[in-house]
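Shown here: model.cif, mmCIF, C-alpha atoms.
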```cif
data_start
loop_
_atom_site.label_atom_id
_atom_site.label_comp_id
_atom_site.auth_asym_id
_atom_site.auth_seq_id
_atom_site.Cartn_x
_atom_site.Cartn_y
_atom_site.Cartn_z
CA MET P 1 28.56 -4.15 21.55
CA THR P 2 26.29 -3.08 24.39
CA ALA P 3 27.95 0.24 25.30
CA PHE P 4 27.85 3.35 23.15
CA ALA P 5 30.95 5.08 21.90
CA PRO P 6 30.92 8.91 22.11
CA ALA P 7 29.47 8.96 18.57
CA ARG P 8 27.50 6.16 16.95
CA ARG P 9 26.50 5.85 13.32
CA VAL P 10 22.87 4.77 13.14
CA ALA P 11 21.38 3.60 9.83
CA LEU P 12 17.61 3.54 9.24
CA VAL P 13 17.00 0.56 6.97
CA GLY P 14 13.98 -1.31 5.66
CA ARG P 15 11.79 -1.88 2.68
CA PRO P 16 10.52 1.10 0.67
CA ASN P 17 7.50 2.97 1.94
CA VAL P 18 7.58 1.88 5.61
CA GLY P 19 8.17 5.29 7.20
CA LYS P 20 11.97 5.50 7.45
CA SER P 21 12.05 9.16 6.45
CA VAL P 22 9.36 10.07 9.00
CA LEU P 23 11.40 8.43 11.76
CA PHE P 24 14.50 10.18 10.39
CA HIS P 25 12.79 13.51 11.07
CA ALA P 26 11.74 12.35 14.54
CA LEU P 27 15.33 11.38 15.43
CA THR P 28 17.15 14.32 13.84
CA GLY P 29 14.66 17.14 13.29
CA ARG P 30 15.61 17.17 9.61
CA TYR P 31 13.01 16.76 6.89
CA ALA P 32 13.19 14.27 4.04
CA ALA P 33 10.77 13.80 1.14
CA VAL P 34 7.90 11.51 2.15
CA SER P 35 5.50 9.77 -0.22
CA ASN P 36 3.26 6.76 -0.60
CA TYR P 37 5.38 5.16 -3.32
CA SER P 38 8.87 3.68 -3.38
CA GLY P 39 11.97 5.40 -4.69
CA THR P 40 11.61 8.77 -2.93
CA THR P 41 14.87 8.33 -1.01
CA LEU P 42 17.57 7.57 -3.58
CA ASP P 43 20.76 8.40 -1.69
CA LEU P 44 22.14 8.49 1.85
CA ARG P 45 20.95 11.32 4.09
CA PRO P 46 23.09 11.67 7.23
CA ALA P 47 22.19 14.13 9.98
CA PRO P 48 23.20 14.61 13.64
CA GLY P 49 20.80 13.18 16.22
CA GLU P 50 20.54 13.34 19.98
CA GLY P 51 23.38 12.18 22.21
CA GLY P 52 26.10 12.46 19.57
CA LEU P 53 24.45 10.01 17.17
CA GLU P 54 24.79 10.35 13.42
CA VAL P 55 21.58 9.09 11.82
CA THR P 56 21.47 8.11 8.14
CA ASP P 57 18.27 7.66 6.15
CA THR P 58 18.89 5.01 3.48
CA PRO P 59 17.10 4.05 0.24
CA GLY P 60 14.58 1.23 0.51
CA LEU P 61 16.02 -2.27 0.52
CA PHE P 62 14.18 -5.51 -0.28
CA SER P 63 17.22 -7.72 0.30
CA LEU P 64 20.95 -7.52 0.96
CA GLU P 65 21.34 -9.23 -2.41
CA SER P 66 20.84 -5.84 -4.05
CA ARG P 67 19.56 -5.59 -7.62
CA THR P 68 18.99 -1.89 -8.17
CA ASP P 69 21.31 1.09 -7.86
CA ASP P 70 19.55 2.56 -4.82
CA GLU P 71 19.57 -0.82 -3.03
CA ALA P 72 23.29 -1.09 -3.80
CA VAL P 73 23.85 2.25 -2.03
CA THR P 74 22.31 0.86 1.16
CA ARG P 75 24.10 -2.47 0.91
CA SER P 76 27.45 -0.74 0.41
CA LEU P 77 26.92 1.32 3.56
CA LEU P 78 25.95 -1.67 5.70
CA SER P 79 28.48 -4.22 4.46
CA GLY P 80 31.31 -1.69 4.23
CA GLY P 81 31.34 -0.78 7.91
CA GLY P 82 29.49 2.53 7.50
CA ALA P 83 27.03 1.86 10.32
CA ASP P 84 27.48 0.84 13.96
CA LEU P 85 23.81 0.27 14.71
CA LEU P 86 20.73 -0.55 12.63
CA VAL P 87 17.21 0.69 13.18
CA GLN P 88 15.25 -1.64 10.97
CA VAL P 89 11.87 -0.15 10.12
CA GLY P 90 9.19 -2.64 9.15
CA ASN P 91 5.52 -2.40 8.30
CA ALA P 92 3.34 -3.51 11.22
CA CYS P 93 0.73 -4.57 8.65
CA ASP P 94 3.24 -7.13 7.33
CA PRO P 95 5.11 -8.43 10.40
CA GLU P 96 6.21 -11.60 8.60
CA GLY P 97 7.94 -9.56 5.91
CA ALA P 98 9.62 -7.40 8.57
CA LEU P 99 10.90 -10.55 10.32
CA ALA P 100 12.26 -12.00 7.09
CA MET P 101 14.22 -8.77 6.55
CA ALA P 102 15.42 -8.83 10.18
CA PHE P 103 16.92 -12.28 9.62
CA ASP P 104 18.42 -11.10 6.33
CA LEU P 105 20.13 -8.19 8.13
CA ALA P 106 21.18 -10.54 10.96
CA ARG P 107 23.97 -11.80 8.69
CA LEU P 108 25.79 -8.50 9.24
CA GLY P 109 26.02 -9.10 12.99
CA LEU P 110 25.26 -5.43 13.79
CA PRO P 111 23.38 -4.25 16.90
CA THR P 112 19.77 -3.75 15.82
CA VAL P 113 16.47 -2.30 16.99
CA LEU P 114 13.39 -3.56 15.16
CA VAL P 115 10.68 -0.94 14.67
CA LEU P 116 7.22 -2.04 13.54
CA ASN P 117 5.83 1.20 12.17
CA MET P 118 2.32 2.15 10.99
CA ALA P 119 0.82 0.38 14.01
CA ASP P 120 -2.32 2.52 13.71
CA GLU P 121 -3.00 1.12 10.23
CA ALA P 122 -2.26 -2.42 11.40
CA GLU P 123 -4.65 -2.15 14.34
CA ALA P 124 -7.35 -0.76 12.04
CA ARG P 125 -6.94 -3.96 10.04
CA GLY P 126 -7.09 -6.09 13.18
CA ILE P 127 -3.35 -6.91 13.32
CA PHE P 128 -1.71 -6.83 16.77
CA VAL P 129 1.89 -7.86 17.50
CA ASP P 130 3.19 -9.16 20.84
CA SER P 131 6.36 -7.07 20.77
CA HIS P 132 7.68 -8.46 24.07
CA ALA P 133 7.48 -12.07 22.87
CA LEU P 134 9.03 -11.07 19.57
CA SER P 135 11.85 -9.25 21.38
CA ARG P 136 12.64 -12.36 23.46
CA ALA P 137 12.69 -14.54 20.34
CA LEU P 138 14.96 -12.22 18.32
CA GLY P 139 17.16 -11.02 21.19
CA VAL P 140 16.72 -7.36 20.20
CA PRO P 141 14.40 -4.51 21.27
CA VAL P 142 11.15 -4.46 19.29
CA ILE P 143 9.30 -1.13 19.26
CA VAL P 144 5.78 -0.58 17.92
CA THR P 145 5.33 2.92 16.48
CA ALA P 146 3.03 5.15 14.50
CA ALA P 147 5.64 7.69 13.45
CA THR P 148 3.27 10.18 11.82
CA SER P 149 1.55 10.76 15.17
CA GLY P 150 4.70 10.39 17.28
CA ARG P 151 3.55 7.22 19.00
CA GLY P 152 6.46 5.09 20.22
CA VAL P 153 9.16 7.53 19.05
CA GLU P 154 10.38 8.43 22.55
CA ASN P 155 10.44 4.73 23.40
CA LEU P 156 12.64 4.16 20.35
CA LYS P 157 15.09 6.89 21.40
CA ALA P 158 15.36 5.38 24.90
CA THR P 159 15.90 1.88 23.50
CA LEU P 160 18.76 2.61 21.08
CA ARG P 161 21.36 1.92 23.77
CA SER P 162 19.91 -1.57 24.29
CA ALA P 163 20.46 -2.65 20.68
CA ALA P 164 21.89 -6.13 20.13
CA PRO P 165 22.55 -8.35 17.10
CA VAL P 166 19.53 -10.31 15.84
CA ARG P 167 19.75 -14.04 16.47
CA PRO P 168 20.07 -15.72 13.05
CA PRO P 169 17.50 -18.41 12.23
CA PRO P 170 18.40 -22.08 12.73
CA LEU P 171 20.57 -23.01 9.75
CA PRO P 172 20.53 -26.28 7.79
CA PRO P 173 23.23 -28.55 9.27
CA GLU P 174 25.45 -28.45 6.17
CA LEU P 175 25.28 -24.63 6.04
CA GLU P 176 26.04 -24.26 9.75
CA ALA P 177 29.00 -26.65 9.47
CA ALA P 178 30.40 -24.70 6.51
CA VAL P 179 30.11 -21.39 8.40
CA ASP P 180 31.89 -22.93 11.42
CA ARG P 181 34.71 -24.22 9.23
CA LEU P 182 35.06 -20.84 7.57
CA ALA P 183 35.13 -19.02 10.93
CA ARG P 184 38.04 -21.19 12.08
CA ARG P 185 40.00 -20.31 8.93
CA LEU P 186 39.43 -16.54 9.12
CA PRO P 187 41.45 -14.00 11.10
CA SER P 188 40.01 -13.24 14.53
CA SER P 189 38.80 -9.83 13.33
CA GLU P 190 36.58 -11.48 10.68
CA LYS P 191 35.12 -14.43 12.56
CA ASP P 192 31.99 -12.50 13.50
CA ARG P 193 31.43 -11.88 9.79
CA ALA P 194 31.77 -15.52 8.74
CA LEU P 195 28.03 -15.95 8.16
CA TRP P 196 27.87 -12.83 5.98
CA LEU P 197 31.03 -13.65 4.04
CA PHE P 198 29.78 -17.15 3.29
CA THR P 199 26.13 -16.47 2.44
CA SER P 200 26.58 -13.15 0.64
CA ASP P 201 26.55 -13.07 -3.15
CA ALA P 202 28.97 -10.14 -3.08
CA ALA P 203 32.28 -10.26 -4.91
CA GLU P 204 34.44 -9.27 -1.93
CA ARG P 205 34.59 -12.76 -0.36
CA PRO P 206 37.92 -14.12 0.93
CA GLU P 207 39.46 -17.15 -0.76
CA ALA P 208 38.52 -19.40 2.17
CA ALA P 209 34.82 -18.55 1.65
CA GLU P 210 35.07 -19.30 -2.07
CA LYS P 211 36.49 -22.76 -1.35
CA GLU P 212 33.69 -23.56 1.09
CA ARG P 213 31.04 -22.41 -1.39
CA LEU P 214 32.28 -24.91 -3.96
CA ARG P 215 30.85 -27.69 -1.77
CA PHE P 216 27.28 -26.47 -2.44
CA SER P 217 25.19 -27.03 -5.54
CA ARG P 218 22.82 -24.20 -4.58
CA ARG P 219 23.77 -20.69 -3.57
CA PRO P 220 24.29 -20.35 0.21
CA SER P 221 22.31 -17.10 0.11
CA PHE P 222 19.28 -19.04 -1.15
CA LEU P 223 19.63 -21.68 1.58
CA TYR P 224 19.97 -19.00 4.24
CA MET P 225 16.95 -16.97 3.09
CA GLN P 226 14.88 -20.15 2.84
CA ALA P 227 15.64 -20.82 6.53
CA ALA P 228 14.97 -17.14 7.33
CA ARG P 229 11.53 -17.17 5.69
CA GLU P 230 10.55 -20.37 7.48
CA LYS P 231 11.58 -18.95 10.86
CA ALA P 232 9.85 -15.63 10.09
CA ALA P 233 6.59 -17.45 9.32
CA GLU P 234 6.90 -19.48 12.52
CA LEU P 235 7.53 -16.38 14.66
CA ALA P 236 4.72 -14.43 13.01
CA ALA P 237 2.27 -17.26 13.69
CA ALA P 238 3.29 -17.27 17.38
CA THR P 239 3.39 -13.50 18.03
CA VAL P 240 0.79 -11.91 15.74
CA CYS P 241 -2.91 -11.83 16.59
CA ARG P 242 -5.40 -11.13 13.82
CA THR P 243 -8.95 -10.05 14.59
CA PRO P 244 -11.82 -8.83 12.36
CA ALA P 245 -10.81 -5.45 10.94
CA ALA P 246 -12.51 -2.35 12.31
CA GLY P 247 -13.12 -1.16 8.76
CA GLY P 248 -15.50 -4.06 8.06
CA ARG P 249 -16.61 -4.43 4.47
CA ALA P 250 -14.67 -1.39 3.29
CA SER P 251 -11.35 -2.83 4.48
CA GLY P 252 -12.17 -6.21 2.95
CA TRP P 253 -13.01 -4.60 -0.38
CA LEU P 254 -9.79 -2.57 -0.38
CA GLU P 255 -7.67 -5.61 0.50
CA ALA P 256 -9.35 -7.60 -2.28
CA PHE P 257 -8.66 -4.79 -4.75
CA GLY P 258 -5.05 -4.70 -3.59
CA ARG P 259 -4.68 -8.42 -4.26
CA TRP P 260 -6.35 -8.26 -7.67
CA SER P 261 -4.22 -5.26 -8.70
CA LEU P 262 -1.15 -7.54 -8.45
CA HIS P 263 -2.77 -10.57 -10.11
CA PRO P 264 -0.83 -11.84 -13.18
CA TRP P 265 -3.64 -11.10 -15.65
CA ALA P 266 -6.08 -8.91 -13.70
CA GLY P 267 -3.29 -6.51 -12.62
CA PRO P 268 -2.39 -5.36 -16.17
CA LEU P 269 -6.09 -4.99 -17.03
CA ILE P 270 -6.67 -2.84 -13.96
CA SER P 271 -3.59 -0.74 -14.83
CA LEU P 272 -4.98 -0.18 -18.35
CA GLY P 273 -8.27 0.93 -16.79
CA VAL P 274 -6.42 3.32 -14.48
CA LEU P 275 -4.50 4.76 -17.44
CA ALA P 276 -7.74 5.23 -19.37
CA ALA P 277 -9.35 6.98 -16.38
CA LEU P 278 -6.24 9.14 -15.97
CA TYR P 279 -6.41 10.17 -19.62
CA GLN P 280 -10.13 10.95 -19.44
CA PHE P 281 -9.70 13.07 -16.31
CA VAL P 282 -6.49 14.91 -17.25
CA GLY P 283 -6.38 14.70 -21.06
CA VAL P 284 -10.10 15.19 -21.77
CA PHE P 285 -11.67 16.92 -18.77
CA GLY P 286 -8.60 18.99 -17.75
CA ALA P 287 -6.87 19.70 -21.06
CA GLN P 288 -10.00 20.06 -23.21
CA THR P 289 -13.18 20.81 -21.26
CA CYS P 290 -11.65 23.02 -18.56
CA VAL P 291 -9.19 24.73 -20.92
CA GLU P 292 -11.94 25.49 -23.44
CA PHE P 293 -14.23 26.90 -20.75
CA LEU P 294 -11.54 29.09 -19.17
CA GLU P 295 -9.90 30.23 -22.40
CA GLU P 296 -13.01 31.04 -24.42
CA ARG P 297 -15.64 31.96 -21.87
CA VAL P 298 -13.85 33.20 -18.76
CA PHE P 299 -10.88 34.94 -20.39
CA GLY P 300 -11.86 35.33 -24.07
CA ALA P 301 -15.46 36.51 -23.64
CA GLY P 302 -15.38 37.86 -20.10
CA LEU P 303 -12.17 38.93 -18.41
CA MET P 304 -9.87 40.00 -21.25
CA PRO P 305 -12.34 42.44 -22.93
CA LEU P 306 -12.69 44.22 -19.57
CA VAL P 307 -8.92 44.30 -19.08
CA THR P 308 -8.40 45.58 -22.65
CA ARG P 309 -10.91 48.42 -22.21
CA PHE P 310 -9.34 49.37 -18.88
CA VAL P 311 -5.80 49.45 -20.31
CA GLU P 312 -6.90 51.45 -23.34
CA ALA P 313 -8.59 53.95 -21.05
CA VAL P 314 -5.69 54.53 -18.65
CA VAL P 315 -2.56 53.91 -20.79
CA PRO P 316 -2.00 56.68 -23.37
CA TRP P 317 0.96 55.09 -25.17
CA ALA P 318 0.20 52.73 -28.05
CA ALA P 319 3.41 50.73 -27.57
CA ALA P 320 2.61 50.16 -23.90
CA ARG P 321 -0.95 49.11 -24.73
CA GLU P 322 0.42 46.70 -27.33
CA ALA P 323 2.86 45.23 -24.79
CA LEU P 324 0.05 44.70 -22.26
CA VAL P 325 -3.03 43.65 -24.22
CA GLY P 326 -1.83 43.17 -27.80
CA PRO P 327 -1.84 39.74 -29.53
CA TYR P 328 1.36 38.84 -27.64
CA GLY P 329 0.84 41.09 -24.62
CA ALA P 330 1.88 40.30 -21.08
CA LEU P 331 -1.74 40.25 -19.92
CA SER P 332 -3.56 38.97 -22.98
CA MET P 333 -1.17 36.05 -23.60
CA ALA P 334 0.75 35.33 -20.39
CA LEU P 335 -2.27 35.63 -18.10
CA THR P 336 -4.44 33.53 -20.39
CA TYR P 337 -1.80 30.84 -20.89
CA ALA P 338 -0.93 30.58 -17.21
CA PHE P 339 -4.47 30.36 -15.85
CA ALA P 340 -6.53 29.07 -18.78
CA LEU P 341 -4.10 26.56 -20.32
CA ILE P 342 -1.48 25.44 -17.78
CA LEU P 343 -3.40 25.65 -14.50
CA PRO P 344 -6.27 23.25 -15.33
CA ILE P 345 -3.90 20.61 -16.75
CA VAL P 346 -1.50 20.78 -13.78
CA THR P 347 -4.37 20.83 -11.29
CA THR P 348 -6.18 17.81 -12.71
CA PHE P 349 -2.92 15.87 -13.03
CA PHE P 350 -1.94 16.38 -9.41
CA VAL P 351 -5.46 15.65 -8.18
CA ALA P 352 -5.33 12.34 -10.07
CA PHE P 353 -1.78 11.67 -8.88
CA SER P 354 -2.71 12.30 -5.24
CA VAL P 355 -5.59 9.83 -5.54
CA LEU P 356 -3.22 7.19 -6.94
CA GLU P 357 -0.70 7.91 -4.18
CA ASP P 358 -3.05 8.13 -1.18
CA SER P 359 -5.02 5.05 -2.23
CA GLY P 360 -1.83 2.97 -2.19
CA TYR P 361 -2.28 1.93 -5.82
CA LEU P 362 0.83 3.70 -7.14
CA PRO P 363 3.38 1.15 -5.80
CA ARG P 364 1.19 -1.67 -7.17
CA PHE P 365 1.08 0.12 -10.51
CA SER P 366 4.89 0.19 -10.37
CA VAL P 367 5.09 -3.56 -9.74
CA VAL P 368 2.73 -4.35 -12.64
CA THR P 369 4.73 -2.22 -15.10
CA ASP P 370 8.13 -3.48 -13.90
CA ARG P 371 8.41 -6.27 -16.50
CA LEU P 372 7.37 -3.95 -19.34
CA PHE P 373 9.91 -1.32 -18.30
CA HIS P 374 12.67 -3.93 -18.03
CA ALA P 375 12.29 -4.47 -21.77
CA VAL P 376 13.58 -0.92 -22.36
CA GLY P 377 16.25 -0.96 -19.67
CA LEU P 378 14.21 0.58 -16.83
CA ASN P 379 12.38 -0.81 -13.80
CA GLY P 380 9.01 -0.21 -12.19
CA LYS P 381 10.31 2.81 -10.28
CA ALA P 382 10.44 4.66 -13.61
CA LEU P 383 6.64 4.84 -13.52
CA LEU P 384 6.62 8.31 -11.95
CA PRO P 385 8.69 10.13 -14.63
CA VAL P 386 6.85 8.20 -17.35
CA LEU P 387 3.50 9.38 -15.98
CA LEU P 388 4.83 12.92 -15.72
#
```

Show me, as structure tokens, the structure contained in the file I just sent.
Amino acid sequence: MTAFAPARRVALVGRPNVGKSVLFHALTGRYAAVSNYSGTTLDLRPAPGEGGLEVTDTPGLFSLESRTDDEAVTRSLLSGGGADLLVQVGNACDPEGALAMAFDLARLGLPTVLVLNMADEAEARGIFVDSHALSRALGVPVIVTAATSGRGVENLKATLRSAAPVRPPPLPPELEAAVDRLARRLPSSEKDRALWLFTSDAAERPEAAEKERLRFSRRPSFLYMQAAREKAAELAAATVCRTPAAGGRASGWLEAFGRWSLHPWAGPLISLGVLAALYQFVGVFGAQTCVEFLEERVFGAGLMPLVTRFVEAVVPWAAAREALVGPYGALSMALTYAFALILPIVTTFFVAFSVLEDSGYLPRFSVVTDRLFHAVGLNGKALLPVLL
């Protein structure tokens, strides 16, 4: 698994909103929609890359135990043999979370390169990762990048050929013994997949794996991820250095707001406040104050009388004048509706939406509303169409 075939299928995987689509463009030259909230990439996007590689941008994945349709798309690709090599993209601001996902993906046994993206944001918060020590511990290349500025991208391209499977975390003795027993009972072609077949909650397990699982009172996937999280915390403590953030008080205030916005009772209150502010800005200021000013003063009292007098002076046909500046004329109605009614509402909405997106609050808003949306058969990712 160290040498490349003439064509390799590379899958970009990771949690939502970590920069997979930006790296996809860097590796293939193709553009994908990029945003500061999850759910932008909802299907597989394959494209040819350098050196005969086929690179696929995948929907965000929190765990191989998929729970949403877009996560299931990624899981199906990875577990079904649709990728030869993984480029796991993690957030350098949350190295422990990236490590936990690396150990989750380690069950697949695929050659992997771990990319810690958004290093510029992490360093601004005083977070620095010893990538060399982390690489030695995991047994795979670890690349630190800031994809939006191109930092580390060339290093990633040069490192793809050095990909190797991630070393799984130390397993509980009973789990390790069960995996060993299962490996001995599987055909030689499936022995490398024994860990995945045993710990996965998927339905496509062989009969031998089902018999081994009956020995356990708790799900093997739970036992494995418990070991993975413990090892991820241990590695993060040994390889991550945290210093006072360069942003000082501002960064501390923003981090505190981020924590409170996900608090069980403060989070919903903050979301109600955000909705009220959104309504005041778009529904009152945009749809009432701005519309009234533009419709009555700018167009009604100023622009349209001038346009009407001009049309009446230069157009001799009554029918043509009626079509242009009559009660339902192309200028008197269409121009007024487009610029006096629609434009201020659309403009204020997208200004407000860009503030929610660029501040990083939108994904938190989605998390807070997830339970409410579940009651009507949706999830938190439905926040965007609901707001629209």

I would like the residues chosen by the PyMOL selection byres ((chain P and resi 210-224) around 10) on the shown file; could you give them as a VMD selection string? chain P and resid 64 to 65 103 to 104 107 168 to 172 174 to 176 178 to 179 181 to 182 195 to 201 203 205 to 209 225 to 229

Calculate, to one decimal in Å, the centre and edge lengths of the box along x, y and z of the file that holds all listed atoms of segment 46-56 of chain P with 8 Å of margin on each side, and present them as lines of an AutoDock Vina configuration file.
```
center_x = 23.3
center_y = 11.4
center_z = 14.7
size_x = 21.6
size_y = 22.5
size_z = 31.0
```

Selection under test: the PyMOL selection byres ((chain P and resi 240) around 8); residues as a list in words: Pro95, Ile127, Phe128, Val129, Asp130, Ala236, Ala237, Ala238, Thr239, Cys241 and Arg242 of chain P

Non-local contacts of Val144 of chain P (12 Å; all atoms listed in the file; under 5 positions in same chain excluded) as a PyMOL selection string: chain P and resi 88-93+95+113-123+128-132+134-135+150-156+159

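Between Phe349 of chain P and the residues P:Leu138, P:Ala323, P:Leu335, P:Leu278, the shortest atom-to-atom distance, using only C-alpha atoms, involves P:Leu278.
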
Once the PyMOL selection byres ((chain P and resi 321) around 12) is applied to the coordinates I shared, what remains selected? I want it as a CSV table (one decimal) with C-alpha atoms, keeping the file's coordinate frame.
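Contents of part.csv, as written:
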```csv
chain,number,residue,atom,x,y,z
P,307,VAL,CA,-8.9,44.3,-19.1
P,308,THR,CA,-8.4,45.6,-22.6
P,309,ARG,CA,-10.9,48.4,-22.2
P,310,PHE,CA,-9.3,49.4,-18.9
P,311,VAL,CA,-5.8,49.4,-20.3
P,312,GLU,CA,-6.9,51.4,-23.3
P,313,ALA,CA,-8.6,54.0,-21.0
P,314,VAL,CA,-5.7,54.5,-18.6
P,315,VAL,CA,-2.6,53.9,-20.8
P,316,PRO,CA,-2.0,56.7,-23.4
P,317,TRP,CA,1.0,55.1,-25.2
P,318,ALA,CA,0.2,52.7,-28.0
P,319,ALA,CA,3.4,50.7,-27.6
P,320,ALA,CA,2.6,50.2,-23.9
P,322,GLU,CA,0.4,46.7,-27.3
P,323,ALA,CA,2.9,45.2,-24.8
P,324,LEU,CA,0.0,44.7,-22.3
P,325,VAL,CA,-3.0,43.6,-24.2
P,326,GLY,CA,-1.8,43.2,-27.8
P,327,PRO,CA,-1.8,39.7,-29.5
P,328,TYR,CA,1.4,38.8,-27.6
P,329,GLY,CA,0.8,41.1,-24.6
P,330,ALA,CA,1.9,40.3,-21.1
P,331,LEU,CA,-1.7,40.2,-19.9
P,332,SER,CA,-3.6,39.0,-23.0
```

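Excluding Pro264 of chain P itself and same-chain residues fewer than 4 positions from it, the residues having an atom within 9 Å of it are Trp260, Pro268 and Val368 of chain P, counting only C-alpha atoms.
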
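Compared by their closest atoms to Leu44 of chain P, and using all atoms listed in the file, the residues P:Ser359, P:Asn379, P:Thr112, P:Ser21 rank with P:Ser21 nearest.
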
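Between atom CA of Leu269 of chain P and atom CA of Leu362 of chain P the interatomic distance comes to 14.9 Å.
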
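From atom CA of Leu294 of chain P back to atom CA of Leu306 of chain P, the distance works out to 15.2 Å.
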
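Counting all atoms listed in the file, the residue from P:Thr348, P:Gln280, P:Ser162, P:Thr243 that sits nearest to Ala124 of chain P is P:Thr243.
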
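Note that the spacing between atom CA of Phe24 of chain P and atom CA of Gly52 of chain P amounts to 15.0 Å.
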
Contacts of Pro111 of chain P at 8 Å (all atoms listed in the file; same-chain gap of 3+ positions) as a tab-separated table (two decimals) with C-alpha atoms, keeping the file's coordinate frame:
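Contents of the output file around_10.tsv:
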```
chain	number	residue	atom	x	y	z
P	1	MET	CA	28.56	-4.15	21.55
P	84	ASP	CA	27.48	0.84	13.96
P	85	LEU	CA	23.81	0.27	14.71
P	86	LEU	CA	20.73	-0.55	12.63
P	163	ALA	CA	20.46	-2.65	20.68
P	164	ALA	CA	21.89	-6.13	20.13
P	165	PRO	CA	22.55	-8.35	17.10
P	166	VAL	CA	19.53	-10.31	15.84
```

Just want the 10 Å neighbourhood of segment 72-76 of chain P, counted on all atoms listed in the file, with same-chain residues fewer than 6 positions away dropped. Output as a tab-separated table (two decimals) with C-alpha atoms, in the coordinates of the input.
```tsv
chain	number	residue	atom	x	y	z
P	11	ALA	CA	21.38	3.60	9.83
P	12	LEU	CA	17.61	3.54	9.24
P	13	VAL	CA	17.00	0.56	6.97
P	14	GLY	CA	13.98	-1.31	5.66
P	42	LEU	CA	17.57	7.57	-3.58
P	43	ASP	CA	20.76	8.40	-1.69
P	44	LEU	CA	22.14	8.49	1.85
P	57	ASP	CA	18.27	7.66	6.15
P	58	THR	CA	18.89	5.01	3.48
P	59	PRO	CA	17.10	4.05	0.24
P	60	GLY	CA	14.58	1.23	0.51
P	61	LEU	CA	16.02	-2.27	0.52
P	63	SER	CA	17.22	-7.72	0.30
P	64	LEU	CA	20.95	-7.52	0.96
P	65	GLU	CA	21.34	-9.23	-2.41
P	66	SER	CA	20.84	-5.84	-4.05
P	82	GLY	CA	29.49	2.53	7.50
P	202	ALA	CA	28.97	-10.14	-3.08
```

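Ranking P:Glu190, P:Glu54, P:Glu71, P:Glu230 by their shortest atom-to-atom distance to Glu96 of chain P, with all atoms listed in the file included, puts P:Glu230 first.
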
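When all atoms listed in the file are used to compute distances to Gly139 of chain P, the closest of the residues P:Lys231, P:Arg364, P:Arg167, P:Lys157 turns out to be P:Arg167.
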
Counting only C-alpha atoms, what is within 12 Å of Val386 of chain P, bar same-chain residues fewer than 4 positions away, as a compact mmCIF listing (two decimals) with C-alpha atoms, in the coordinates of the input?
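New file around_8.txt:
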```txt
# COMPACT_ATOMS: atom_id res chain seq x y z
CA LEU P 275 -4.50 4.76 -17.44
CA SER P 366 4.89 0.19 -10.37
CA THR P 369 4.73 -2.22 -15.10
CA PHE P 373 9.91 -1.32 -18.30
CA LEU P 378 14.21 0.58 -16.83
CA ASN P 379 12.38 -0.81 -13.80
CA GLY P 380 9.01 -0.21 -12.19
CA LYS P 381 10.31 2.81 -10.28
CA ALA P 382 10.44 4.66 -13.61
```

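Nearest-residue note for Arg259 of chain P: choosing from P:Gly360, P:Gly283, P:Val298, P:Arg67, the minimum distance belongs to P:Gly360, counting only C-alpha atoms.
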